[in-house]
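A.B. asks: Below is the file model13.txt, which contains compact mmCIF, C-alpha atoms and all ligand atoms.
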# COMPACT_ATOMS: atom_id res chain seq x y z
CA MET A 12 -2.14 280.41 145.34
CA ASN A 13 1.46 281.56 145.00
CA GLU A 14 3.68 278.48 145.22
CA LYS A 15 6.90 280.42 145.15
CA MET A 16 8.69 281.32 148.38
CA SER A 17 8.64 285.10 148.81
CA ILE A 18 11.95 286.51 150.02
CA ALA A 19 12.84 290.14 150.71
CA VAL A 20 16.37 291.47 150.95
CA VAL A 21 16.61 294.80 152.76
CA GLY A 22 19.75 296.77 151.89
CA GLY A 23 21.37 297.01 148.47
CA GLY A 24 25.05 297.26 149.39
CA ILE A 25 27.50 294.48 148.61
CA VAL A 26 25.82 291.97 150.95
CA GLY A 27 22.23 292.67 149.89
CA SER A 28 22.92 292.97 146.16
CA THR A 29 24.95 289.74 146.05
CA THR A 30 22.31 287.91 148.11
CA ALA A 31 19.50 289.13 145.83
CA PHE A 32 21.54 288.14 142.77
CA TYR A 33 22.11 284.56 143.93
CA LEU A 34 18.59 284.11 145.31
CA SER A 35 17.12 285.36 142.03
CA GLN A 36 18.79 282.45 140.23
CA GLN A 37 16.42 280.03 142.01
CA PRO A 38 13.21 279.60 139.99
CA ASN A 39 11.13 278.81 143.08
CA TYR A 40 11.88 282.12 144.82
CA GLU A 41 10.19 285.47 144.31
CA VAL A 42 12.80 288.02 145.33
CA THR A 43 12.34 291.71 146.23
CA LEU A 44 15.27 293.97 147.10
CA TYR A 45 14.70 297.21 149.05
CA ASP A 46 17.37 299.88 149.26
CA ASN A 47 17.28 303.55 150.14
CA GLY A 48 21.00 303.99 149.40
CA VAL A 49 21.63 306.67 152.02
CA GLY A 50 25.16 306.57 153.45
CA GLN A 51 25.85 303.21 151.83
CA ALA A 52 29.37 301.99 152.66
CA THR A 53 29.70 299.90 149.49
CA SER A 54 29.34 302.74 146.99
CA ALA A 55 31.68 304.98 149.02
CA ALA A 56 34.33 302.29 149.49
CA ALA A 57 37.89 302.43 148.24
CA GLY A 58 37.97 298.99 146.75
CA ILE A 59 41.00 297.07 147.99
CA ILE A 60 40.78 293.28 148.09
CA CYS A 61 43.94 292.12 149.83
CA PRO A 62 43.33 290.52 153.23
CA TRP A 63 46.43 288.32 153.30
CA LEU A 64 48.79 291.16 154.16
CA SER A 65 46.78 292.24 157.20
CA GLN A 66 48.39 291.61 160.58
CA ARG A 67 45.07 291.46 162.36
CA ARG A 68 45.19 288.50 164.76
CA ASN A 69 41.55 287.35 164.65
CA LYS A 70 41.75 283.95 162.89
CA LYS A 71 38.04 283.67 162.13
CA TRP A 72 38.10 287.12 160.54
CA TYR A 73 41.10 286.13 158.44
CA GLN A 74 39.45 282.90 157.33
CA LEU A 75 36.35 284.81 156.19
CA ALA A 76 38.27 287.61 154.45
CA ALA A 77 40.65 285.19 152.70
CA LYS A 78 37.73 283.06 151.51
CA GLY A 79 36.00 286.26 150.39
CA ALA A 80 39.00 287.36 148.32
CA ALA A 81 39.29 283.89 146.77
CA PHE A 82 35.57 283.94 145.93
CA TYR A 83 35.73 287.12 143.80
CA PRO A 84 36.77 285.58 140.47
CA ALA A 85 33.86 283.11 140.76
CA LEU A 86 31.43 285.93 141.54
CA ILE A 87 32.56 287.91 138.50
CA GLN A 88 32.26 284.73 136.40
CA ASP A 89 28.74 284.17 137.76
CA LEU A 90 27.79 287.71 136.67
CA GLY A 91 28.42 286.61 133.10
CA GLU A 92 30.00 288.35 130.13
CA ASP A 93 30.05 292.11 130.56
CA PRO A 94 31.98 294.78 128.67
CA ASP A 95 32.68 296.47 132.04
CA ARG A 96 34.07 293.33 133.62
CA SER A 97 37.61 294.61 134.11
CA ALA A 98 36.29 297.91 135.48
CA ILE A 99 34.32 296.03 138.14
CA TYR A 100 37.14 293.86 139.50
CA ARG A 101 40.77 293.44 138.57
CA GLN A 102 43.79 291.73 140.11
CA VAL A 103 46.44 294.39 139.55
CA GLY A 104 48.57 293.50 142.58
CA ALA A 105 49.07 295.27 145.89
CA LEU A 106 52.14 297.11 147.20
CA VAL A 107 52.56 297.24 150.98
CA ILE A 108 54.86 299.82 152.53
CA LYS A 109 56.10 299.35 156.11
CA LYS A 110 57.99 301.75 158.37
CA THR A 111 61.14 299.57 158.68
CA PRO A 112 62.79 296.77 156.62
CA LYS A 113 62.39 294.47 159.65
CA LEU A 114 58.61 294.94 159.66
CA LEU A 115 58.51 294.31 155.91
CA GLU A 116 60.48 291.05 156.27
CA LYS A 117 58.15 289.95 159.06
CA LEU A 118 55.16 290.61 156.82
CA GLU A 119 56.75 288.73 153.93
CA LYS A 120 57.17 285.68 156.19
CA ILE A 121 53.53 285.80 157.25
CA ALA A 122 52.38 286.21 153.63
CA THR A 123 54.62 283.35 152.41
CA LYS A 124 53.12 281.04 155.02
CA ARG A 125 49.58 282.14 154.12
CA ARG A 126 50.26 281.52 150.45
CA GLU A 127 50.53 277.76 151.17
CA THR A 128 46.76 277.68 151.75
CA GLU A 129 45.70 280.79 149.80
CA PRO A 130 47.11 280.70 146.27
CA THR A 131 44.96 283.73 145.32
CA ILE A 132 47.66 285.85 146.97
CA GLY A 133 49.77 285.25 143.83
CA GLU A 134 53.50 285.91 143.54
CA LEU A 135 55.22 287.66 146.43
CA SER A 136 58.33 289.79 146.07
CA ILE A 137 60.17 292.54 147.88
CA LEU A 138 60.76 295.41 145.45
CA SER A 139 63.49 298.06 145.65
CA PRO A 140 62.40 301.75 145.61
CA GLU A 141 63.29 301.86 141.88
CA GLU A 142 61.23 298.75 141.12
CA VAL A 143 58.36 300.22 143.14
CA HIS A 144 58.49 303.41 141.05
CA GLU A 145 58.51 301.37 137.85
CA LYS A 146 55.40 299.47 138.91
CA MET A 147 53.60 302.48 140.35
CA PRO A 148 55.02 305.69 138.81
CA LEU A 149 53.32 307.95 141.37
CA LEU A 150 55.42 306.53 144.21
CA HIS A 151 58.75 308.06 145.20
CA ILE A 152 59.80 306.25 148.35
CA SER A 153 63.18 305.47 149.87
CA GLU A 154 62.23 302.06 151.34
CA SER A 155 61.46 298.72 149.72
CA ALA A 156 57.87 297.44 149.49
CA LEU A 157 56.20 294.03 149.43
CA PHE A 158 54.29 293.21 146.25
CA ALA A 159 51.54 290.57 146.10
CA SER A 160 50.33 289.98 142.55
CA GLY A 161 46.90 288.66 143.66
CA GLY A 162 45.86 291.94 145.30
CA ALA A 163 42.81 293.40 143.56
CA LYS A 164 40.65 296.48 143.21
CA VAL A 165 36.88 296.46 143.01
CA ASP A 166 34.46 299.25 142.15
CA GLY A 167 31.77 298.68 144.79
CA ALA A 168 29.19 300.97 143.19
CA LEU A 169 29.58 299.39 139.75
CA LEU A 170 29.53 295.85 141.15
CA THR A 171 26.27 296.39 143.06
CA GLU A 172 24.75 298.05 139.98
CA LYS A 173 25.60 294.99 137.87
CA LEU A 174 24.40 292.53 140.53
CA GLN A 175 21.06 294.34 140.77
CA GLU A 176 20.80 294.51 136.98
CA GLN A 177 21.26 290.74 136.75
CA ALA A 178 18.82 290.11 139.62
CA LEU A 179 16.24 292.18 137.71
CA LYS A 180 16.88 290.12 134.57
CA ASN A 181 16.31 286.98 136.65
CA GLY A 182 12.90 288.31 137.65
CA ALA A 183 13.65 290.01 140.98
CA CYS A 184 11.99 293.28 141.89
CA VAL A 185 14.16 296.21 143.04
CA MET A 186 12.54 298.94 145.16
CA LYS A 187 14.60 302.09 145.73
CA GLU A 188 13.02 302.99 149.04
CA ALA A 189 13.38 302.52 152.79
CA ALA A 190 11.50 299.58 154.28
CA GLU A 191 10.27 299.12 157.83
CA LEU A 192 10.05 295.57 159.19
CA SER A 193 7.29 294.16 161.36
CA ILE A 194 6.78 290.57 162.58
CA GLN A 195 3.37 288.89 162.84
CA HIS A 196 4.36 285.43 164.19
CA THR A 197 1.83 283.88 161.81
CA GLN A 198 2.50 281.43 159.00
CA PRO A 199 3.00 281.73 156.11
CA GLN A 200 4.63 285.13 155.49
CA PRO A 201 5.31 286.30 159.05
CA TYR A 202 7.39 289.28 157.94
CA THR A 203 5.91 292.50 156.56
CA LEU A 204 7.83 295.35 154.99
CA THR A 205 6.23 298.76 154.85
CA THR A 206 7.44 301.46 152.48
CA SER A 207 6.04 304.80 151.32
CA SER A 208 4.40 302.94 148.41
CA GLY A 209 2.70 300.20 150.41
CA GLN A 210 3.07 296.95 152.34
CA LYS A 211 4.11 293.43 151.41
CA SER A 212 4.50 290.24 153.45
CA PHE A 213 7.25 287.64 152.99
CA ASP A 214 8.15 284.10 154.02
CA LYS A 215 11.77 285.07 154.60
CA VAL A 216 13.70 288.31 154.97
CA VAL A 217 17.42 289.04 154.79
CA LEU A 218 18.56 292.17 156.62
CA ALA A 219 21.65 293.45 154.83
CA VAL A 220 21.33 297.00 156.14
CA GLY A 221 24.92 297.46 157.34
CA ALA A 222 25.22 300.16 160.01
CA TRP A 223 21.42 300.64 160.15
CA LEU A 224 20.62 297.25 161.73
CA PRO A 225 19.80 298.80 165.16
CA GLU A 226 17.29 301.12 163.46
CA VAL A 227 15.47 298.09 161.98
CA LEU A 228 15.62 295.66 164.93
CA THR A 229 15.52 297.84 168.07
CA PRO A 230 11.81 298.75 167.60
CA LEU A 231 11.11 294.98 167.43
CA GLY A 232 12.57 294.41 170.91
CA TYR A 233 16.16 293.50 170.05
CA ASP A 234 19.46 294.82 171.42
CA VAL A 235 21.93 295.16 168.57
CA ASP A 236 25.68 295.55 169.03
CA ILE A 237 26.39 297.65 165.95
CA ARG A 238 27.84 301.14 165.77
CA PRO A 239 28.46 303.45 162.82
CA GLN A 240 31.90 304.54 161.65
CA LYS A 241 32.31 307.38 159.20
CA GLY A 242 34.69 306.78 156.30
CA GLN A 243 35.76 309.48 153.84
CA LEU A 244 37.98 309.36 150.81
CA VAL A 245 39.13 311.69 148.06
CA GLU A 246 38.79 311.01 144.35
CA LEU A 247 41.56 312.58 142.25
CA HIS A 248 42.46 312.81 138.59
CA VAL A 249 46.02 312.47 137.31
CA ASN A 250 47.15 312.77 133.70
CA ALA A 251 48.35 309.22 133.19
CA GLU A 252 47.14 305.78 132.13
CA THR A 253 46.40 304.40 135.57
CA ASP A 254 44.44 301.22 134.89
CA ASP A 255 47.31 298.75 135.34
CA TRP A 256 48.81 300.34 138.42
CA PRO A 257 48.68 298.31 141.65
CA VAL A 258 46.89 299.40 144.79
CA VAL A 259 49.15 300.87 147.48
CA MET A 260 48.76 300.09 151.17
CA PRO A 261 51.03 302.11 153.47
CA ASP A 262 50.49 302.15 157.26
CA GLY A 263 47.58 304.40 158.27
CA GLU A 264 44.62 305.75 156.34
CA LYS A 265 46.28 306.88 153.10
CA ASP A 266 45.81 303.92 150.79
CA ILE A 267 46.16 304.83 147.11
CA ILE A 268 43.89 303.01 144.67
CA PRO A 269 44.24 303.72 140.94
CA PHE A 270 41.31 303.01 138.64
CA ALA A 271 41.10 303.50 134.85
CA ASN A 272 41.45 306.81 132.94
CA GLY A 273 43.51 308.73 135.51
CA LYS A 274 41.17 308.14 138.46
CA VAL A 275 43.03 307.72 141.75
CA ILE A 276 41.37 307.27 145.14
CA VAL A 277 43.09 308.20 148.41
CA GLY A 278 41.60 307.00 151.69
CA ALA A 279 39.91 306.22 153.84
CA THR A 280 39.33 307.84 157.23
CA HIS A 281 38.01 305.85 160.22
CA GLU A 282 35.94 308.18 162.43
CA ASN A 283 34.22 306.56 165.40
CA ASP A 284 32.71 309.69 166.95
CA GLN A 285 30.68 311.07 164.02
CA GLY A 286 27.63 308.80 164.12
CA TYR A 287 25.82 308.68 160.77
CA ASP A 288 27.11 312.08 159.64
CA LEU A 289 27.74 312.26 155.88
CA GLU A 290 29.24 315.75 155.61
CA PRO A 291 32.83 315.78 154.32
CA THR A 292 35.26 317.16 156.91
CA LYS A 293 37.98 318.96 154.97
CA ARG A 294 40.49 319.09 157.84
CA HIS A 295 40.53 315.31 158.23
CA LEU A 296 40.77 314.77 154.47
CA ARG A 297 43.61 317.31 154.16
CA VAL A 298 45.75 315.42 156.72
CA MET A 299 45.16 312.15 154.86
CA LEU A 300 45.94 313.67 151.48
CA ASP A 301 49.12 315.36 152.76
CA GLU A 302 50.37 311.99 154.05
CA ALA A 303 49.68 310.41 150.65
CA ILE A 304 51.51 313.26 148.90
CA GLU A 305 54.61 312.47 150.98
CA LEU A 306 54.70 309.07 149.23
CA ALA A 307 53.37 310.22 145.86
CA PRO A 308 54.39 313.89 145.36
CA ASP A 309 52.62 314.22 141.97
CA LEU A 310 49.28 313.90 143.78
CA ALA A 311 49.85 317.50 144.95
CA GLU A 312 49.11 318.57 141.36
CA ALA A 313 46.17 316.21 140.90
CA GLU A 314 42.71 317.65 140.43
CA ILE A 315 40.26 316.84 143.23
CA LYS A 316 37.20 315.35 141.50
CA GLY A 317 35.10 314.56 144.52
CA ILE A 318 34.78 313.34 148.07
CA ARG A 319 32.93 310.18 149.03
CA VAL A 320 31.53 309.55 152.50
CA GLY A 321 30.01 306.31 153.74
CA THR A 322 29.07 304.65 157.02
CA ARG A 323 30.71 301.36 157.99
CA ALA A 324 29.17 299.00 160.55
CA TYR A 325 31.22 297.82 163.52
CA THR A 326 30.61 295.47 166.44
CA SER A 327 32.19 296.10 169.86
CA ASP A 328 34.89 293.48 169.17
CA PHE A 329 35.27 294.42 165.46
CA ALA A 330 34.10 290.97 164.30
CA PRO A 331 31.47 290.49 161.58
CA PHE A 332 28.45 288.21 162.07
CA PHE A 333 25.71 286.61 160.00
CA GLY A 334 22.97 284.00 160.34
CA GLU A 335 19.38 283.64 161.52
CA VAL A 336 18.15 286.30 163.96
CA PRO A 337 17.36 284.77 167.41
CA ASP A 338 13.67 283.91 167.96
CA ALA A 339 12.82 284.75 164.33
CA PRO A 340 12.99 281.71 162.01
CA GLY A 341 13.39 282.79 158.41
CA LEU A 342 14.78 286.23 159.34
CA TYR A 343 18.48 286.50 158.50
CA ALA A 344 20.98 289.30 159.08
CA ALA A 345 24.61 290.13 158.37
CA SER A 346 26.50 293.15 159.65
CA GLY A 347 29.67 294.38 161.34
CA LEU A 348 31.78 293.98 158.21
CA GLY A 349 33.88 297.04 159.15
CA SER A 350 36.77 298.05 156.89
CA SER A 351 36.92 294.78 154.99
CA GLY A 352 33.33 294.36 153.90
CA LEU A 353 33.95 294.68 150.19
CA THR A 354 36.24 291.68 150.63
CA SER A 355 34.00 289.53 152.86
CA GLY A 356 30.56 290.77 151.67
CA PRO A 357 30.10 288.48 148.65
CA ILE A 358 31.07 285.27 150.47
CA ILE A 359 28.76 286.19 153.38
CA ALA A 360 25.96 286.71 150.84
CA ARG A 361 26.76 283.36 149.27
CA ILE A 362 26.54 281.67 152.68
CA LEU A 363 23.22 283.39 153.49
CA THR A 364 21.89 282.05 150.19
CA GLN A 365 23.15 278.56 151.06
CA LEU A 366 21.40 278.75 154.47
CA ILE A 367 18.12 279.77 152.81
CA ASN A 368 18.52 277.00 150.21
CA GLY A 369 19.18 274.46 152.98
CA GLU A 370 22.62 273.68 151.53
CA ASP A 371 25.92 273.12 153.33
CA ALA A 372 27.52 276.51 153.93
CA ASP A 373 31.03 277.37 152.71
CA LEU A 374 31.84 278.53 156.27
CA SER A 375 29.94 277.73 159.45
CA PRO A 376 27.82 280.63 160.77
CA ASN A 377 28.67 279.25 164.25
CA ASP A 378 32.10 280.84 163.82
CA TYR A 379 30.44 284.24 163.30
CA PRO A 380 27.64 283.89 165.88
CA ILE A 381 24.82 286.33 165.39
CA GLU A 382 23.51 285.72 168.93
CA ASN A 383 26.62 287.41 170.34
CA TYR A 384 25.50 290.68 168.73
CA ILE A 385 21.69 290.47 168.51
CA SER A 386 19.59 289.50 171.52
CA LYS A 387 15.93 289.73 172.41
CA ARG A 388 15.25 292.12 175.30
C1 LIG B 1 35.28 305.03 152.73
C2 LIG B 1 35.25 303.53 152.83
C3 LIG B 1 36.30 302.77 152.26
C4 LIG B 1 36.26 301.38 152.32
N1 LIG B 1 37.25 300.65 151.70
C5 LIG B 1 37.18 299.28 151.71
C6 LIG B 1 38.18 298.51 151.02
O1 LIG B 1 39.11 299.07 150.42
N2 LIG B 1 38.09 297.15 151.07
C7 LIG B 1 37.09 296.52 151.74
O2 LIG B 1 37.06 295.28 151.73
N3 LIG B 1 36.12 297.22 152.37
C8 LIG B 1 36.16 298.58 152.37
N4 LIG B 1 35.21 299.30 153.05
C9 LIG B 1 34.18 298.58 153.85
C10 LIG B 1 33.01 298.13 153.00
O3 LIG B 1 32.65 299.14 152.10
C11 LIG B 1 31.82 297.80 153.89
O4 LIG B 1 32.18 296.96 154.97
C12 LIG B 1 30.75 297.06 153.07
O5 LIG B 1 30.51 297.75 151.89
C13 LIG B 1 29.46 296.91 153.88
O6 LIG B 1 28.48 296.37 153.03
P1 LIG B 1 27.00 296.14 153.53
O7 LIG B 1 26.26 295.59 152.37
O8 LIG B 1 27.02 295.37 154.82
O9 LIG B 1 26.45 297.60 153.94
P2 LIG B 1 26.20 298.90 153.01
O10 LIG B 1 27.06 298.92 151.82
O11 LIG B 1 26.28 300.09 153.93
O12 LIG B 1 24.71 298.69 152.53
C14 LIG B 1 23.62 298.80 153.40
C15 LIG B 1 22.46 299.40 152.60
O13 LIG B 1 21.25 299.25 153.33
C16 LIG B 1 20.46 300.40 153.11
N5 LIG B 1 19.44 300.47 154.14
C17 LIG B 1 19.61 300.63 155.47
N6 LIG B 1 18.42 300.59 156.12
C18 LIG B 1 17.48 300.39 155.15
C19 LIG B 1 16.07 300.24 155.19
N7 LIG B 1 15.37 300.28 156.33
N8 LIG B 1 15.42 300.04 154.01
C20 LIG B 1 16.09 299.99 152.82
N9 LIG B 1 17.45 300.12 152.76
C21 LIG B 1 18.12 300.30 153.91
C22 LIG B 1 21.48 301.52 153.16
O14 LIG B 1 20.96 302.69 152.60
C23 LIG B 1 22.61 300.90 152.34
O15 LIG B 1 22.42 301.18 150.98
C24 LIG B 1 35.19 300.70 153.00
C25 LIG B 1 34.16 301.48 153.56
C26 LIG B 1 34.17 302.87 153.46
C27 LIG B 1 33.03 303.65 154.04
Have the structure of the file written as structure tokens, please.
C.D. replies:
Amino acid sequence: MNEKMSIAVVGGGIVGSTTAFYLSQQPNYEVTLYDNGVGQATSAAAGIICPWLSQRRNKKWYQLAAKGAAFYPALIQDLGEDPDRSAIYRQVGALVIKKTPKLLEKLEKIATKRRETEPTIGELSILSPEEVHEKMPLLHISESALFASGGAKVDGALLTEKLQEQALKNGACVMKEAAELSIQHTQPQPYTLTTSSGQKSFDKVVLAVGAWLPEVLTPLGYDVDIRPQKGQLVELHVNAETDDWPVVMPDGEKDIIPFANGKVIVGATHENDQGYDLEPTKRHLRVMLDEAIELAPDLAEAEIKGIRVGTRAYTSDFAPFFGEVPDAPGLYAASGLGSSGLTSGPIIARILTQLINGEDADLSPNDYPIENYISKR
């Protein structure tokens, strides 16, 4: 008889890969990760980790995102020594550009206050246009900008690849296919996942399927308040050493995120009326790129290397949730991470692992109540 607890994680984005990684460290668990990778938000994402300079008013969201940003260095440490470490995650600082000096001063006050409880934010300073250009040579702006040295960039695709690699080393099984859930209401192993290669039953299942949660739970009699949002960005190449440049966050969709070896990302769009469509829409991307070129004129000469499209998950009030699915003990879900899921995904995964382990959670799931978004019909 198998004495290990069998746990499946469905979805291999940031939430699922981090959950599988931490669960796989427990010797008494047998972990299987399923992922079909279609439309994944994590691998399309831009990669900014800088929640402290957001003026979103939802306190619970801020608490989660700030804790998520603070958790990153520990996550990277937990992944262990890796030659790609600095390509996965790096605190290069973030530059925020506002429309007026008054708005910038207001933001600086908010950030200074937040720094009292969130030291990860790092040093804060208002930089003149010349100082901005020195820090980020692509930018030619006439206003000052706020710089936070703790702002970071993360390569979502590389991070999930490394997390899955480590989970495999720890003995987990990774299945690159779509899984369909059914519930038997029998013990043990009430949850069965069916894929094109067969069927397997589990004691516990974590649904980390992002925008596809309705597809998994609706056939099982649940109403799920999750909708898809299309996000597109452009990957460019500039002839410069870009690795140390900070991420740039102006108002609107045209964030500029430099990675190593001349790679610069511009994006991302937020399209609520496109469903799960993954076709790039050139018109939308052109508008975004033109706005970025107004701030960084050299981008007009940059070579377009590719376009990435992913589907974010949103709830009707834009708040994320996680916890145990109502009426289904041992079935967990997290979704609704929206535009900040690279930031909050790892800490949510950590908390899901703590719930499964029966440990105290870093943040209470009651503050992100799953029952507000998933209900049995
Ligand atoms: C263009 C873009 C830019 C972004 N930029 C940022 C940013 O700068 N900072 C930030 O913090 N956040 C950013 N985000 C948001 C962030 O990427 C997402 O919120 C986060 O990645 C969501 O992670 P997830 O694990 O919940 O879902 P996903 O990453 O979407 O993963 C879900 C996975 O589940 C799989 N799946 C679904 N159903 C099944 C099934 N039945 N069987 C098997 N597998 C299944 C999917 O194929 C997918 O791979 C951005 C998103 C986009 C799209």
A.B. asks: Any residue with an atom at most 7 Å from ligand LIG 1 (chain B) counts, using all atoms listed in the file. Which are they? Put them as a PyMOL selection string.
C.D. replies: chain A and resi 21-27+45-60+188-191+219-224+227+241-244+278-280+319-324+345-346+348-356
A.B. asks: Please, what distance in Å, to one decimal, runs between atom CA of Glu246 of chain A and atom CA of His295 of chain A?
C.D. replies: 14.6 Å
A.B. asks: Need the shell around segment 258-261 of chain A: protein/DNA/RNA residues with any atom at most 6 Å away, counting all atoms listed in the file. Skip same-chain ones fewer than 6 positions apart. Format as a ChimeraX atom specification?
C.D. replies: /A:105-108,267-268
A.B. asks: Quick one: residues within 12 Å of Ala251 of chain A, all atoms listed in the file, excluding same-chain residues fewer than 5 positions away - as an MDAnalysis selection string?
C.D. replies: chainID A and resid 147:149 256 269:275 309:310 313
A.B. asks: Which is closer to Leu289 of chain A than all the others in A:Asn69, A:Gln240, A:Gln365, A:Thr111, using all atoms listed in the file?
C.D. replies: A:Gln240
A.B. asks: Near Ile87 of chain A, within 9 Å and counting only C-alpha atoms, which residues show up once chain neighbours fewer than 6 positions away are dropped, as a VMD selection string?
C.D. replies: chain A and resid 96 99 to 100 170
A.B. asks: Mind giving me the straight-line distance from atom CA of Asp166 of chain A to atom CA of Ile276 of chain A in Å, one decimal?
C.D. replies: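 We find that atom CA of Asp166 of chain A and atom CA of Ile276 of chain A lie 11.0 Å from each other.
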A.B. asks: Which one is closest to Asp214 of chain A: A:Val235, A:Leu138, A:Leu75, A:Leu342? Count all atoms listed in the file.
C.D. replies: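 Using all atoms listed in the file, Asp214 of chain A sits closest to A:Leu342.
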A.B. asks: Please check which residues have atoms at most 9 Å from (64.0, 302.7, 145.1) in the file's coordinates, counting only C-alpha atoms, and write them as a ChimeraX atom specification.
C.D. replies: /A:138-144,151-155
A.B. asks: Which of these residues is nearest to Ser136 of chain A, using all atoms listed in the file: A:Tyr83, A:Thr292, A:Leu114, A:Ser160?
C.D. replies: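 Once distances to Ser136 of chain A are computed over all atoms listed in the file, the minimum belongs to A:Ser160.
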A.B. asks: Taking into account all atoms listed in the file, which residue in the set A:Pro239, A:Gly182, A:Pro130, A:Gly369 is nearest to Phe329 of chain A?
C.D. replies: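 Ranking A:Pro239, A:Gly182, A:Pro130, A:Gly369 by distance to Phe329 of chain A, first place goes to A:Pro239.
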A.B. asks: Extract, using all atoms listed in the file, all DNA, RNA and protein residues at most 12 Å from Gly91 of chain A, discarding same-chain residues fewer than 4 positions from it, and format them as a list in words.
C.D. replies: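 Here the answer would be Phe32, Pro84, Ala85, Leu86, Ile87, Asp95, Arg96, Lys173, Leu174, Glu176 and Gln177 of chain A.
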A.B. asks: Rank A:Lys71, A:Lys146, A:Lys109, A:Lys180 by their smallest atom-to-atom distance to Ser35 of chain A, using only C-alpha atoms, and report the top residue only.
C.D. replies: A:Lys180
A.B. asks: Could you jot down the atom CA of Ile237 of chain A to atom CA of Tyr384 of chain A separation for me, Å, one decimal place?
C.D. replies: 7.6 Å
A.B. asks: Looking at all atoms listed in the file, which of A:Glu127, A:Val245, A:Thr43, A:Arg67 is the one that sits closest to Met186 of chain A?
C.D. replies: A:Thr43
